[in-house]
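Structure file final.csv (CSV, C-alpha atoms) is printed below.
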```csv
chain,number,residue,atom,x,y,z
A,2,MET,CA,-8.4,-0.8,16.7
A,3,ALA,CA,-12.0,-1.3,15.6
A,4,GLU,CA,-13.6,-4.6,16.3
A,5,THR,CA,-15.3,-4.7,12.9
A,6,ALA,CA,-12.9,-5.2,10.0
A,7,LEU,CA,-12.7,-2.5,7.4
A,8,VAL,CA,-11.6,-5.1,4.8
A,9,ARG,CA,-12.7,-8.7,4.9
A,10,MET,CA,-11.6,-11.2,2.2
A,11,THR,CA,-13.1,-14.6,2.6
A,12,GLY,CA,-12.4,-17.9,0.7
A,13,ILE,CA,-10.2,-16.1,-1.9
A,14,THR,CA,-9.1,-18.6,-4.6
A,15,LYS,CA,-7.4,-17.7,-7.8
A,16,ARG,CA,-6.5,-20.0,-10.6
A,17,PHE,CA,-4.5,-19.2,-13.7
A,18,GLY,CA,-5.4,-22.0,-16.1
A,19,GLY,CA,-4.4,-25.2,-14.3
A,20,VAL,CA,-2.3,-23.4,-11.7
A,21,THR,CA,-3.8,-22.5,-8.3
A,22,ALA,CA,-2.1,-19.3,-7.1
A,23,LEU,CA,-4.4,-18.9,-4.0
A,24,GLN,CA,-6.6,-21.4,-2.2
A,25,GLU,CA,-9.4,-20.3,0.1
A,26,VAL,CA,-7.5,-17.4,1.7
A,27,ASP,CA,-9.1,-15.2,4.4
A,28,LEU,CA,-7.8,-11.8,5.3
A,29,THR,CA,-9.0,-9.0,7.5
A,30,ALA,CA,-7.7,-5.5,8.0
A,31,HIS,CA,-8.9,-2.8,10.4
A,32,ALA,CA,-8.9,1.0,10.2
A,33,GLY,CA,-5.9,2.4,12.1
A,34,GLU,CA,-3.9,-0.8,11.8
A,35,VAL,CA,-0.8,-2.0,10.0
A,36,LEU,CA,-1.3,-5.5,8.7
A,37,ALA,CA,1.9,-7.1,7.4
A,38,ILE,CA,1.7,-9.9,4.7
A,39,VAL,CA,4.8,-12.1,4.6
A,40,GLY,CA,5.9,-15.2,2.8
A,41,ASP,CA,8.4,-16.5,0.4
A,42,ASN,CA,8.3,-15.8,-3.3
A,43,GLY,CA,5.4,-17.6,-4.9
A,44,ALA,CA,3.4,-17.7,-1.6
A,45,GLY,CA,0.6,-15.7,-3.2
A,46,LYS,CA,1.2,-12.3,-1.5
A,47,SER,CA,1.1,-10.2,-4.7
A,48,THR,CA,-1.8,-12.2,-6.2
A,49,LEU,CA,-3.9,-11.6,-3.1
A,50,ILE,CA,-3.1,-7.9,-3.1
A,51,LYS,CA,-3.8,-7.5,-6.8
A,52,ILE,CA,-7.3,-9.0,-6.1
A,53,LEU,CA,-7.9,-6.6,-3.3
A,54,THR,CA,-6.9,-3.7,-5.6
A,55,GLY,CA,-8.9,-4.8,-8.6
A,56,VAL,CA,-6.0,-5.8,-10.8
A,57,TYR,CA,-7.2,-9.4,-10.8
A,58,GLN,CA,-10.7,-10.8,-10.1
A,59,PRO,CA,-10.9,-13.9,-7.8
A,60,THR,CA,-12.0,-17.2,-9.2
A,61,GLU,CA,-13.8,-17.8,-5.9
A,62,GLY,CA,-14.4,-15.9,-2.7
A,63,ALA,CA,-15.7,-12.5,-1.7
A,64,ILE,CA,-14.5,-9.1,-0.5
A,65,HIS,CA,-16.3,-6.9,1.9
A,66,LEU,CA,-15.5,-3.3,2.6
A,67,ASP,CA,-17.1,-1.9,5.7
A,68,GLY,CA,-19.5,-4.8,5.7
A,69,GLU,CA,-20.7,-4.4,2.1
A,70,LYS,CA,-19.7,-6.9,-0.6
A,71,ILE,CA,-17.7,-5.3,-3.4
A,72,GLU,CA,-16.5,-6.4,-6.7
A,73,PHE,CA,-13.9,-4.6,-8.8
A,74,ALA,CA,-13.5,-4.9,-12.5
A,75,SER,CA,-10.4,-2.7,-12.5
A,76,HIS,CA,-7.8,-1.0,-10.3
A,77,ALA,CA,-9.6,2.3,-11.0
A,78,GLU,CA,-12.8,1.0,-9.4
A,79,ALA,CA,-10.8,0.0,-6.3
A,80,ILE,CA,-9.4,3.5,-6.1
A,81,ASP,CA,-12.9,4.9,-6.4
A,82,ALA,CA,-13.9,2.7,-3.4
A,83,GLY,CA,-10.9,4.0,-1.3
A,84,ILE,CA,-8.4,1.2,-1.9
A,85,ASP,CA,-5.0,2.0,-3.5
A,86,ALA,CA,-1.5,0.7,-3.6
A,87,VAL,CA,2.1,2.0,-3.8
A,88,TYR,CA,4.2,-0.7,-5.5
A,89,GLN,CA,7.9,-1.2,-5.2
A,90,THR,CA,8.5,0.4,-8.6
A,91,LEU,CA,6.6,3.5,-7.4
A,92,ALA,CA,5.5,4.2,-11.0
A,93,LEU,CA,7.0,7.7,-11.0
A,94,ALA,CA,8.1,9.6,-14.1
A,95,ASP,CA,11.7,10.4,-13.1
A,96,HIS,CA,12.1,13.3,-15.5
A,97,LEU,CA,9.1,15.2,-14.1
A,98,ASP,CA,9.1,17.2,-10.9
A,99,PRO,CA,7.3,16.0,-7.7
A,100,ALA,CA,4.1,18.1,-8.4
A,101,ALA,CA,3.9,16.8,-12.0
A,102,ASN,CA,4.2,13.2,-10.6
A,103,MET,CA,1.6,13.8,-8.0
A,104,PHE,CA,-1.0,14.9,-10.5
A,105,LEU,CA,0.1,12.7,-13.4
A,106,GLY,CA,-3.0,11.9,-15.4
A,107,ASN,CA,-5.1,14.1,-13.1
A,108,GLU,CA,-3.6,17.5,-13.8
A,109,LEU,CA,-5.2,20.6,-12.3
A,110,THR,CA,-6.1,23.2,-14.9
A,111,LYS,CA,-7.3,26.8,-15.1
A,112,THR,CA,-9.0,28.8,-17.8
A,113,VAL,CA,-7.2,31.9,-19.2
A,114,LEU,CA,-8.7,33.9,-22.0
A,115,GLY,CA,-10.9,30.9,-22.9
A,116,LEU,CA,-7.9,28.5,-23.0
A,117,GLU,CA,-7.5,25.6,-20.6
A,118,LEU,CA,-4.0,25.6,-19.2
A,119,LEU,CA,-2.2,23.6,-16.5
A,120,ASP,CA,-2.4,25.2,-13.1
A,121,ASN,CA,1.2,24.5,-12.1
A,122,LYS,CA,1.1,27.0,-9.2
A,123,ARG,CA,-1.8,25.2,-7.6
A,124,MET,CA,-0.4,21.7,-8.2
A,125,ARG,CA,2.9,22.8,-6.5
A,126,ALA,CA,1.0,24.3,-3.6
A,127,GLU,CA,-1.2,21.1,-3.2
A,128,THR,CA,1.9,18.9,-3.4
A,129,GLU,CA,3.6,20.9,-0.7
A,130,ARG,CA,0.5,20.8,1.5
A,131,VAL,CA,-0.2,17.1,1.2
A,132,LEU,CA,3.5,16.2,1.8
A,133,MET,CA,3.5,18.3,5.0
A,134,GLU,CA,0.0,17.8,6.4
A,135,ARG,CA,-0.4,14.1,5.6
A,136,LEU,CA,3.2,12.9,5.8
A,137,GLY,CA,5.2,15.5,7.7
A,138,VAL,CA,7.7,15.7,4.8
A,139,THR,CA,9.2,18.9,3.3
A,140,LEU,CA,11.3,18.7,0.1
A,141,LYS,CA,14.1,21.2,-0.4
A,142,SER,CA,13.0,21.8,-3.9
A,143,LEU,CA,9.8,21.1,-5.9
A,144,ASP,CA,11.6,22.2,-9.1
A,145,ALA,CA,14.1,19.4,-9.3
A,146,PRO,CA,13.3,16.2,-11.3
A,147,THR,CA,12.1,13.4,-9.2
A,148,GLU,CA,15.1,11.3,-10.2
A,149,SER,CA,17.3,13.6,-8.1
A,150,LEU,CA,15.4,12.8,-4.9
A,151,SER,CA,16.5,10.2,-2.4
A,152,GLY,CA,14.8,6.9,-2.2
A,153,GLY,CA,12.8,7.9,0.8
A,154,GLN,CA,11.7,11.2,-0.7
A,155,ARG,CA,10.6,9.4,-3.9
A,156,GLN,CA,8.6,7.0,-1.7
A,157,ALA,CA,7.0,10.0,0.0
A,158,VAL,CA,5.9,11.5,-3.4
A,159,ALA,CA,4.3,8.1,-4.4
A,160,ILE,CA,2.5,7.9,-1.1
A,161,ALA,CA,1.3,11.5,-1.3
A,162,ARG,CA,-0.2,10.8,-4.7
A,163,ALA,CA,-2.2,7.9,-3.2
A,164,VAL,CA,-3.3,9.8,-0.1
A,165,TYR,CA,-4.3,13.0,-2.0
A,166,SER,CA,-7.8,11.5,-2.4
A,167,ASP,CA,-9.9,12.2,0.7
A,168,GLY,CA,-11.7,9.0,0.2
A,169,LEU,CA,-8.6,6.7,0.6
A,170,ARG,CA,-9.2,4.2,3.4
A,171,VAL,CA,-6.9,1.3,2.6
A,172,LEU,CA,-3.3,1.7,1.4
A,173,VAL,CA,-1.3,-1.3,0.2
A,174,MET,CA,2.5,-0.8,0.3
A,175,ASP,CA,4.6,-3.4,-1.6
A,176,GLU,CA,8.2,-3.7,-0.3
A,177,PRO,CA,8.4,0.0,0.6
A,178,THR,CA,11.9,-0.2,2.1
A,179,ALA,CA,13.5,-2.4,-0.6
A,180,ALA,CA,16.8,-0.9,-1.7
A,181,LEU,CA,16.7,1.8,1.0
A,182,GLY,CA,19.5,2.5,3.4
A,183,PRO,CA,19.0,2.5,7.2
A,184,GLN,CA,18.1,6.2,7.5
A,185,GLU,CA,15.7,6.1,4.6
A,186,THR,CA,14.1,3.0,5.8
A,187,ALA,CA,13.5,4.6,9.2
A,188,ARG,CA,11.9,7.6,7.5
A,189,THR,CA,9.6,5.3,5.4
A,190,LEU,CA,8.6,3.3,8.5
A,191,LYS,CA,7.7,6.6,10.2
A,192,LEU,CA,5.5,7.5,7.2
A,193,ILE,CA,3.7,4.2,7.6
A,194,GLN,CA,3.1,4.9,11.3
A,195,THR,CA,1.8,8.4,10.4
A,196,LEU,CA,-0.7,6.9,8.0
A,197,LYS,CA,-1.8,4.4,10.6
A,198,ALA,CA,-2.4,7.3,13.1
A,199,GLN,CA,-4.6,9.0,10.5
A,200,GLY,CA,-6.9,6.0,10.6
A,201,LEU,CA,-5.9,4.3,7.4
A,202,ALA,CA,-5.7,0.5,7.1
A,203,VAL,CA,-2.2,0.0,5.9
A,204,ILE,CA,-1.3,-3.4,4.4
A,205,LEU,CA,2.4,-3.9,4.2
A,206,ILE,CA,4.1,-6.5,2.1
A,207,SER,CA,7.7,-7.0,3.1
A,208,HIS,CA,10.5,-9.5,3.2
A,209,SER,CA,12.1,-7.6,6.1
A,210,LEU,CA,10.8,-9.1,9.3
A,211,ASP,CA,12.7,-6.4,11.3
A,212,ASP,CA,10.5,-3.8,9.5
A,213,VAL,CA,7.4,-5.9,10.0
A,214,PHE,CA,7.9,-6.2,13.7
A,215,GLU,CA,8.7,-2.5,14.1
A,216,VAL,CA,5.5,-1.1,12.5
A,217,SER,CA,2.9,-3.8,12.2
A,218,ASP,CA,0.0,-4.8,14.5
A,219,ARG,CA,-0.6,-8.2,13.0
A,220,VAL,CA,1.2,-10.5,10.6
A,221,HIS,CA,-0.6,-12.6,8.0
A,222,VAL,CA,1.6,-15.4,6.8
A,223,GLN,CA,1.3,-16.9,3.3
A,224,ARG,CA,2.8,-20.2,2.2
A,225,ARG,CA,2.1,-22.1,-1.1
A,226,GLY,CA,-1.0,-20.0,-1.9
A,227,GLN,CA,-2.6,-20.5,1.5
A,228,CYS,CA,-2.7,-18.5,4.7
A,229,VAL,CA,-0.9,-20.6,7.3
A,230,GLY,CA,-1.5,-18.3,10.2
A,231,VAL,CA,-2.1,-14.8,11.6
A,232,VAL,CA,-0.4,-13.5,14.7
A,233,ARG,CA,-0.4,-10.4,16.8
A,234,THR,CA,3.0,-8.8,16.5
A,235,ARG,CA,3.3,-8.1,20.2
A,236,ASP,CA,2.6,-11.7,21.0
A,237,SER,CA,5.0,-13.2,18.5
A,238,ASN,CA,8.6,-12.9,17.3
A,239,THR,CA,10.6,-13.2,14.2
A,240,GLN,CA,11.6,-16.8,14.8
A,241,GLU,CA,7.9,-17.9,15.1
A,242,VAL,CA,6.9,-16.1,11.9
A,243,LEU,CA,10.0,-17.4,10.0
A,244,GLY,CA,9.1,-20.9,11.0
A,245,MET,CA,5.6,-20.4,9.6
A,246,ILE,CA,7.0,-19.0,6.4
A,247,VAL,CA,9.3,-22.0,5.8
A,248,GLY,CA,6.9,-24.6,7.2
A,249,ALA,CA,9.2,-25.6,10.1
A,250,GLU,CA,6.4,-27.5,11.9
A,251,GLU,CA,5.4,-29.3,8.7
A,252,ALA,CA,9.1,-30.3,8.1
A,253,ALA,CA,9.4,-31.6,11.6
```
Just dump the structure as C-alpha cells.
Amino acid sequence: MAETALVRMTGITKRFGGVTALQEVDLTAHAGEVLAIVGDNGAGKSTLIKILTGVYQPTEGAIHLDGEKIEFASHAEAIDAGIDAVYQTLALADHLDPAANMFLGNELTKTVLGLELLDNKRMRAETERVLMERLGVTLKSLDAPTESLSGGQRQAVAIARAVYSDGLRVLVMDEPTAALGPQETARTLKLIQTLKAQGLAVILISHSLDDVFEVSDRVHVQRRGQCVGVVRTRDSNTQEVLGMIVGAEEAA
C-alpha cells in the first residue's frame, strides 16, 4: 500500500442549517486499499461520502487527490476527476438490458447514410469485455432485461458502468451486499478484492462487520458526526470496532 494517500479529507465539517452532520472529520484512502467506513445510522457516513463524490460541498475542510486540493461543484466533476460511487439502489433501469444500462446517458453511436444511430453491437461487446476483463464476470445472456439478473449480477453491471472509465481511481460502494444471499455476497466481496488488486482505492460503507473484516485493510469508525477511530483490520476485531460504534468506552 502506498505511503502517500490517494485521497485525503481534512477537517471536513458539514452543517445543514443549525444541524451539524459532520464535525472536523479526517479520512485517508490509498490506492490498492479497501477502506471500510462503519457507524450507526446518523453517524455521518453517507454525508461524508457525498462530499467526497461532489454531491454535497463541505461547510469547512479540504479534500486532496494525489496531493492536489480539489473542489467539486457536482457529482459529474468528481467522476471527471476519477471518483465515482455505486449506491445501494444501483440506479439501474430494470427494463433495459445490461449493455443499455452500462451506457445509459453515454450511448455509443455510429453514422449510417448520414444518420447517427445507436451502436448496439459495440455497446454489447464493450459490456461483455469490461465485465470479463475488469470483474471476471460472464453473464449468460446480454439480451435479458436487467431485472431478470441475480442481485450479484446486477451489482456487477453497476460496478462495470463505474469502472468503464479508464480514469477511475476511487470507487465508493454503499452497502453492496445488502439484501444479498450468502453466495451472492461472496461473489460481490470477490469483486471488491478484484478492484483492489487493480490498484483502485475502494471505500466500502457497510453495516456488516463480517464483510468489513473479510475484505478491508482499514476501518474508519464514525459516531455522531465525528471519526472516533481508525484501525487496521488485521490488528483489530469485530468486538473492538463494535465498541467504537456504540461508544462502549464512553458509556463505561
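From atom CA of A:Asn42 back to atom CA of A:Ala63, the distance works out to 24.3 Å.
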Item checked: Nearest candidate to A:Asp218 (options A:Gln194, A:Ser149, A:Gln199, A:Thr14; using all atoms listed in the file) -> A:Gln194
Note to self: Here is a test: counting all atoms listed in the file, which residue of A:Val20, A:Leu150, A:Ile71, A:Ile160 is nearest to A:Thr195?
What the structure shows: A:Ile160
Margin query: Residues near stretch 167-182 of chain A, anyone? I mean within 10 Å using only C-alpha atoms, not counting same-chain ones fewer than 4 positions away, as a PyMOL selection string.
Written below: chain A and resi 7-8+30-38+46-47+50-51+53-54+66+79-91+151-153+156+160+163+186-190+193+196-197+199-209+212
Item checked: Best match for closeness to A:Gly230 among A:Gly115, A:Pro146, A:Pro99, A:Gly40, counting only C-alpha atoms -> A:Gly40
Margin query: Give me the residues near stretch 133-144 of chain A as a list of chain:residue names, where near means some atom within 8 Å (using all atoms listed in the file) and where sequence neighbours in that chain fewer than 3 positions away do not count.
Written below: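 In the requested format, the answer is A:Asp98, A:Pro99, A:Ala100, A:Arg125, A:Glu129, A:Arg130, A:Gln154, A:Ala157, A:Ala161, A:Val164, A:Leu192, A:Thr195, A:Leu196.
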Item checked: Among listed residues A:Leu116, A:Leu210, A:Val158, A:Val56, nearest A:Asp95 (using all atoms listed in the file) ->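 Once distances to A:Asp95 are computed over all atoms listed in the file, the minimum belongs to A:Val158.
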With 10 Å as the threshold, what does the neighbourhood of (-8.3, -6.1, -8.9) contain in terms of residues, counting all atoms listed in the file? Coordinates are those of the file; answer as a short mmCIF file (atom, residue, chain, number, x, y, z; two decimals) with C-alpha atoms, in the coordinates of the input.
```cif
data_model
loop_
_atom_site.label_atom_id
_atom_site.label_comp_id
_atom_site.auth_asym_id
_atom_site.auth_seq_id
_atom_site.Cartn_x
_atom_site.Cartn_y
_atom_site.Cartn_z
CA THR A 48 -1.80 -12.20 -6.20
CA LEU A 49 -3.90 -11.60 -3.10
CA ILE A 50 -3.10 -7.90 -3.10
CA LYS A 51 -3.80 -7.50 -6.80
CA ILE A 52 -7.30 -9.00 -6.10
CA LEU A 53 -7.90 -6.60 -3.30
CA THR A 54 -6.90 -3.70 -5.60
CA GLY A 55 -8.90 -4.80 -8.60
CA VAL A 56 -6.00 -5.80 -10.80
CA TYR A 57 -7.20 -9.40 -10.80
CA GLN A 58 -10.70 -10.80 -10.10
CA PRO A 59 -10.90 -13.90 -7.80
CA GLU A 72 -16.50 -6.40 -6.70
CA PHE A 73 -13.90 -4.60 -8.80
CA ALA A 74 -13.50 -4.90 -12.50
CA SER A 75 -10.40 -2.70 -12.50
CA HIS A 76 -7.80 -1.00 -10.30
CA ALA A 77 -9.60 2.30 -11.00
CA GLU A 78 -12.80 1.00 -9.40
CA ALA A 79 -10.80 0.00 -6.30
#
```
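As for atom CA of A:Ala94 and atom CA of A:Pro183, they are spaced 25.0 Å apart.
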Notebook entry, point to check: What's the 10 Å shell around A:Thr21, counting only C-alpha atoms, without same-chain residues fewer than 4 positions away, as a ChimeraX atom specification?
Noted result: /A:14-17,45,60,225-226
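Picture a line from atom CA of A:Asp236 to atom CA of A:Arg219; it runs 9.3 Å.
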